[in-house]
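**Q** Have a look at this one.
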Amino acid sequence: MLHIDIDVLRTIGLNNLTAGHLAALDTTPTMRPMRIAAIHGEWMTVHDGHADRQARALPRLLSALADDEDALAVGDWVAVDDLDGEHWIALRAAPLTQVARRANDGRRQVLASNIDTALLVMGLDLDFNLRRLERYIAVVQSADIAPVVVLTKADIATEVDEKVAEVQRRLPAGIAVLAINGLSGAAAAALQPWLGAGQTLCLLGASGTGKSTLTNTLTAALNDAPGTGVQETSVTRKGDGRGRHTTTARSLHRCTGGACIVDTPGLRTWRPDADEKTLAATFDDIADLAQHCQFRDCQHGLEPGCAVRAGADPDRLANYHKLLRDARRGAQTPLDRIAERAKWKVIVKSAQRRQREKGR
Ligand SMILES: Nc1nc2c(ncn2[C@@H]2O[C@H](COP(=O)(O)OP(=O)(O)OP(=O)(O)O)[C@@H](O)[C@H]2O)c(=O)[nH]1
Ligand SMILES: [Zn+2]
């Protein structure tokens, strides 16, 4: 079985559940547990809790994953073997959570793995937009990741308390809402409950909302303390053993308190790979109300006796319907979309023909 030094690996986000998945791997004695910290094409940066190194994945692992529309991603726990002085990722532990999206060509793309909490970053100033926030919550919850709403720029915004109350009113109870100044160390203290050792976070939000600022604040104390063996730089330079050098922006950062932040391209403004049903489940307040609608199959449109229209925030309901439409569209493959367009062409043409026939 894999030798797992919990105390060392906890500093790069190992928790009891992921340790269990690592331990379940069918490993050989020469393999060691590591976490993927960055991916740059064929080469990946893997970290063992002490240092990082460059590795490639064994072709049979890559093809087994590809068969399931799956892939390695930053945050994955893997078993690494040394063969002829080179590092090879041999096995991957089943991820607890996986962040994926559909590319334009319909392919499933995995952005990150094993994320516990997503900080949904929204500025209290210009960017304030409840619909976007609801979309992020749906995205995050449908991937089994816990959302925490982080309202930034509390130091420069007006009516902070009113806006916090507005967000709390709109969202289901149980979702934490914090107002912070991302530039201040106090932000790390406010987020302490989600920054414990063994936790992995990501930040989601529109451009300019303060994601980088907050990431810097949460990782600052470590960067200020060189020589402790735990400081992170965002860029590493490593040889691959053949004299070739790659410069890699690392995507896994360590925070004070022992948590990790995954910040990889595409993740910051990720759109969901979620079906309609999963998405609907994240609006459980609407589902609860819907039980009291007069009609079983009420679409909460113009039906009489609709409890959802009577009870839910109208903008939240409109946003819910929009997200469902998006999910439906996302679930279609390119072929489905062509078939759908062809079907509509036929319907429109026959309607036009009927019109002409009536006109005669
Ligand atoms: N006063 C104040 N300024 C902030 C706060 N958070 C971010 N800023 C400023 O807002 C600007 C944008 O912040 P960034 O951290 O770059 O935003 P980002 O979300 O990473 O943006 P992208 O990289 O485009 O996705 C910067 O000038 C920050 O200094 C805050 O809480 N208070
Ligand atoms: Zn209804």
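Ordering of the structure tokens sets the chain letters (A, B, ...); residue numbers start at 1 within each chain; ligands are numbered from 1 in the order shown.
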Which chain A residues have any atom within 7 Å of an atom of ligand 1, and for each, what is the nearest pair of atoms with distance in Å to one decimal, counting only C-alpha atoms and all ligand atoms, rows sorted by chain and number, as a Markdown table?
**A**
| residue | atom | partner | partner_atom_place_in_ligand_line | distance |
| --- | --- | --- | --- | --- |
| A:Thr152 | CA | ligand 1 | 31 (O) | 4.3 |
| A:Lys153 | CA | ligand 1 | 31 (O) | 3.3 |
| A:Ala154 | CA | ligand 1 | 31 (O) | 6.0 |
| A:Asp155 | CA | ligand 1 | 32 (N) | 5.6 |
| A:Ile156 | CA | ligand 1 | 1 (N) | 5.4 |
| A:Ile180 | CA | ligand 1 | 31 (O) | 6.0 |
| A:Asn181 | CA | ligand 1 | 31 (O) | 3.4 |
| A:Gly182 | CA | ligand 1 | 31 (O) | 3.6 |
| A:Leu183 | CA | ligand 1 | 30 (C) | 5.4 |
| A:Gly205 | CA | ligand 1 | 19 (O) | 6.4 |
| A:Ala206 | CA | ligand 1 | 25 (O) | 6.0 |
| A:Ser207 | CA | ligand 1 | 25 (O) | 3.6 |
| A:Gly208 | CA | ligand 1 | 21 (O) | 3.5 |
| A:Thr209 | CA | ligand 1 | 19 (O) | 4.0 |
| A:Gly210 | CA | ligand 1 | 15 (O) | 3.2 |
| A:Lys211 | CA | ligand 1 | 19 (O) | 3.7 |
| A:Ser212 | CA | ligand 1 | 20 (O) | 3.6 |
| A:Thr213 | CA | ligand 1 | 15 (O) | 3.6 |
| A:Leu214 | CA | ligand 1 | 15 (O) | 6.4 |
| A:Arg268 | CA | ligand 1 | 25 (O) | 7.0 |
**Q** Enumerate residues in contact with ligand 2: an atom-to-atom distance of at most 8 Å, counting only C-alpha atoms and all ligand atoms. Format the result as a list in words.
**A**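 For ligand 2, the residues inside 8 Å are Leu289, Ala290, His292, Cys293, Gln294, Phe295, Asp297, Cys298, Gln299, His300, Gly301, Glu303, Gly305, Cys306, Ala307, Val308 and Arg309 of chain A.
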**Q** Tell me which protein, DNA and RNA residues are within 8 Å of His21 in chain A, counting only C-alpha atoms, leaving out same-chain ones fewer than 6 positions away, and put them as JSON, numbers by chain.
**A** {"A": [93, 94, 95]}
**Q** Dump N, CA and C atoms for the selected residues as a compact mmCIF listing (two decimals), in the first residue's frame?
**A**
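Dumped to part.txt:
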# COMPACT_ATOMS: atom_id res chain seq x y z
N ALA A 93 -6.21 8.93 -7.78
CA ALA A 93 -7.25 8.65 -6.79
C ALA A 93 -8.56 9.25 -7.27
N ALA A 94 -9.66 8.55 -7.03
CA ALA A 94 -10.97 9.07 -7.45
C ALA A 94 -11.19 10.44 -6.81
N PRO A 95 -11.47 11.49 -7.62
CA PRO A 95 -11.64 12.81 -7.03
C PRO A 95 -12.94 12.92 -6.22
**Q** Measuring between only C-alpha atoms, which one of A:Leu111, A:Ala79, A:Ala64, A:Val8 shows the shortest distance to Ser251 in chain A?
**A**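 Closest to Ser251 in chain A of all the choices is A:Leu111.
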**Q** Point out the residue among A:Val110, A:Ile115, A:Lys358, A:Asp7 with the least atom-to-atom distance to Asp70 in chain A, counting only C-alpha atoms.
**A** A:Val110
**Q** With DSSP run on the backbone, what are the strand (DSSP E or B) residues within range 34-260 of chain A? I'd like them as number ranges by chain.
**A** A: 34-40, 43-47, 52-57, 74, 77-83, 86-92, 98-102, 108-113, 117-123, 146-152, 176-179, 200-204, 235-239, 245-249, 252-254, 260
**Q** Near Pro29 in chain A, counting only C-alpha atoms, which residues have an atom at most 10 Å away, once you skip same-chain residues fewer than 3 positions from it, shown as a PyMOL selection string?
**A** chain A and resi 1-3+32+81
**Q** One decimal, in Å: what's the spacing between CA of Pro304 in chain A and CA of Ile286 in chain A?
**A**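 The value is 16.7 Å.
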**Q** So which bits of range 57-235 of chain A end up helix (DSSP H, G or I) when you DSSP the backbone, as a count of residues only?
**A** 53
**Q** Might you pull out every residue within 8 Å of range 163-174 of chain A, with only C-alpha atoms counted and same-chain residues fewer than 2 positions away left off, and present them as a VMD selection string?
**A** chain A and resid 124 130 134 151 159 to 161 176 to 179 285 313 316
**Q** Restricting the output to N, CA and C atoms, write the selected residues as a PDB file, in the first residue's frame.
**A**
ATOM      1  N   LEU A 124     -18.732  44.933  -4.036  1.00  0.00           N
ATOM      2  CA  LEU A 124     -19.884  45.675  -3.497  1.00  0.00           C
ATOM      3  C   LEU A 124     -20.096  46.974  -4.260  1.00  0.00           C
ATOM      4  N   LEU A 130     -26.968  40.175  -8.563  1.00  0.00           N
ATOM      5  CA  LEU A 130     -27.477  38.990  -7.864  1.00  0.00           C
ATOM      6  C   LEU A 130     -27.703  37.812  -8.797  1.00  0.00           C
ATOM      7  N   GLU A 134     -26.287  34.021  -8.371  1.00  0.00           N
ATOM      8  CA  GLU A 134     -27.118  32.809  -8.357  1.00  0.00           C
ATOM      9  C   GLU A 134     -26.613  31.777  -9.359  1.00  0.00           C
ATOM     10  N   LEU A 151     -18.194  39.302  -0.595  1.00  0.00           N
ATOM     11  CA  LEU A 151     -18.434  40.618  -1.188  1.00  0.00           C
ATOM     12  C   LEU A 151     -17.223  41.494  -0.889  1.00  0.00           C
ATOM     13  N   GLU A 159     -23.345  51.784   1.556  1.00  0.00           N
ATOM     14  CA  GLU A 159     -24.493  50.940   1.931  1.00  0.00           C
ATOM     15  C   GLU A 159     -24.132  49.461   1.997  1.00  0.00           C
ATOM     16  N   VAL A 160     -23.018  49.183   2.653  1.00  0.00           N
ATOM     17  CA  VAL A 160     -22.532  47.796   2.723  1.00  0.00           C
ATOM     18  C   VAL A 160     -23.534  46.894   3.441  1.00  0.00           C
ATOM     19  N   ASP A 161     -24.005  47.338   4.604  1.00  0.00           N
ATOM     20  CA  ASP A 161     -24.921  46.482   5.375  1.00  0.00           C
ATOM     21  C   ASP A 161     -26.204  46.196   4.597  1.00  0.00           C
ATOM     22  N   ALA A 176     -23.219  31.181   3.490  1.00  0.00           N
ATOM     23  CA  ALA A 176     -22.534  32.253   4.212  1.00  0.00           C
ATOM     24  C   ALA A 176     -22.298  33.441   3.286  1.00  0.00           C
ATOM     25  N   VAL A 177     -22.520  34.640   3.790  1.00  0.00           N
ATOM     26  CA  VAL A 177     -22.292  35.871   3.033  1.00  0.00           C
ATOM     27  C   VAL A 177     -21.386  36.772   3.868  1.00  0.00           C
ATOM     28  N   LEU A 178     -20.222  37.117   3.316  1.00  0.00           N
ATOM     29  CA  LEU A 178     -19.268  37.951   4.045  1.00  0.00           C
ATOM     30  C   LEU A 178     -18.953  39.201   3.251  1.00  0.00           C
ATOM     31  N   ALA A 179     -18.776  40.314   3.936  1.00  0.00           N
ATOM     32  CA  ALA A 179     -18.287  41.532   3.294  1.00  0.00           C
ATOM     33  C   ALA A 179     -16.872  41.787   3.804  1.00  0.00           C
ATOM     34  N   ASP A 285     -35.458  26.125  -2.755  1.00  0.00           N
ATOM     35  CA  ASP A 285     -36.542  26.976  -2.246  1.00  0.00           C
ATOM     36  C   ASP A 285     -37.690  27.014  -3.254  1.00  0.00           C
ATOM     37  N   ASP A 313     -38.899  35.455  -5.120  1.00  0.00           N
ATOM     38  CA  ASP A 313     -38.468  36.737  -5.683  1.00  0.00           C
ATOM     39  C   ASP A 313     -38.589  36.638  -7.216  1.00  0.00           C
ATOM     40  N   ARG A 316     -35.362  36.255  -9.056  1.00  0.00           N
ATOM     41  CA  ARG A 316     -34.749  34.940  -8.806  1.00  0.00           C
ATOM     42  C   ARG A 316     -35.425  33.878  -9.665  1.00  0.00           C
TER      43      ARG A 316
END
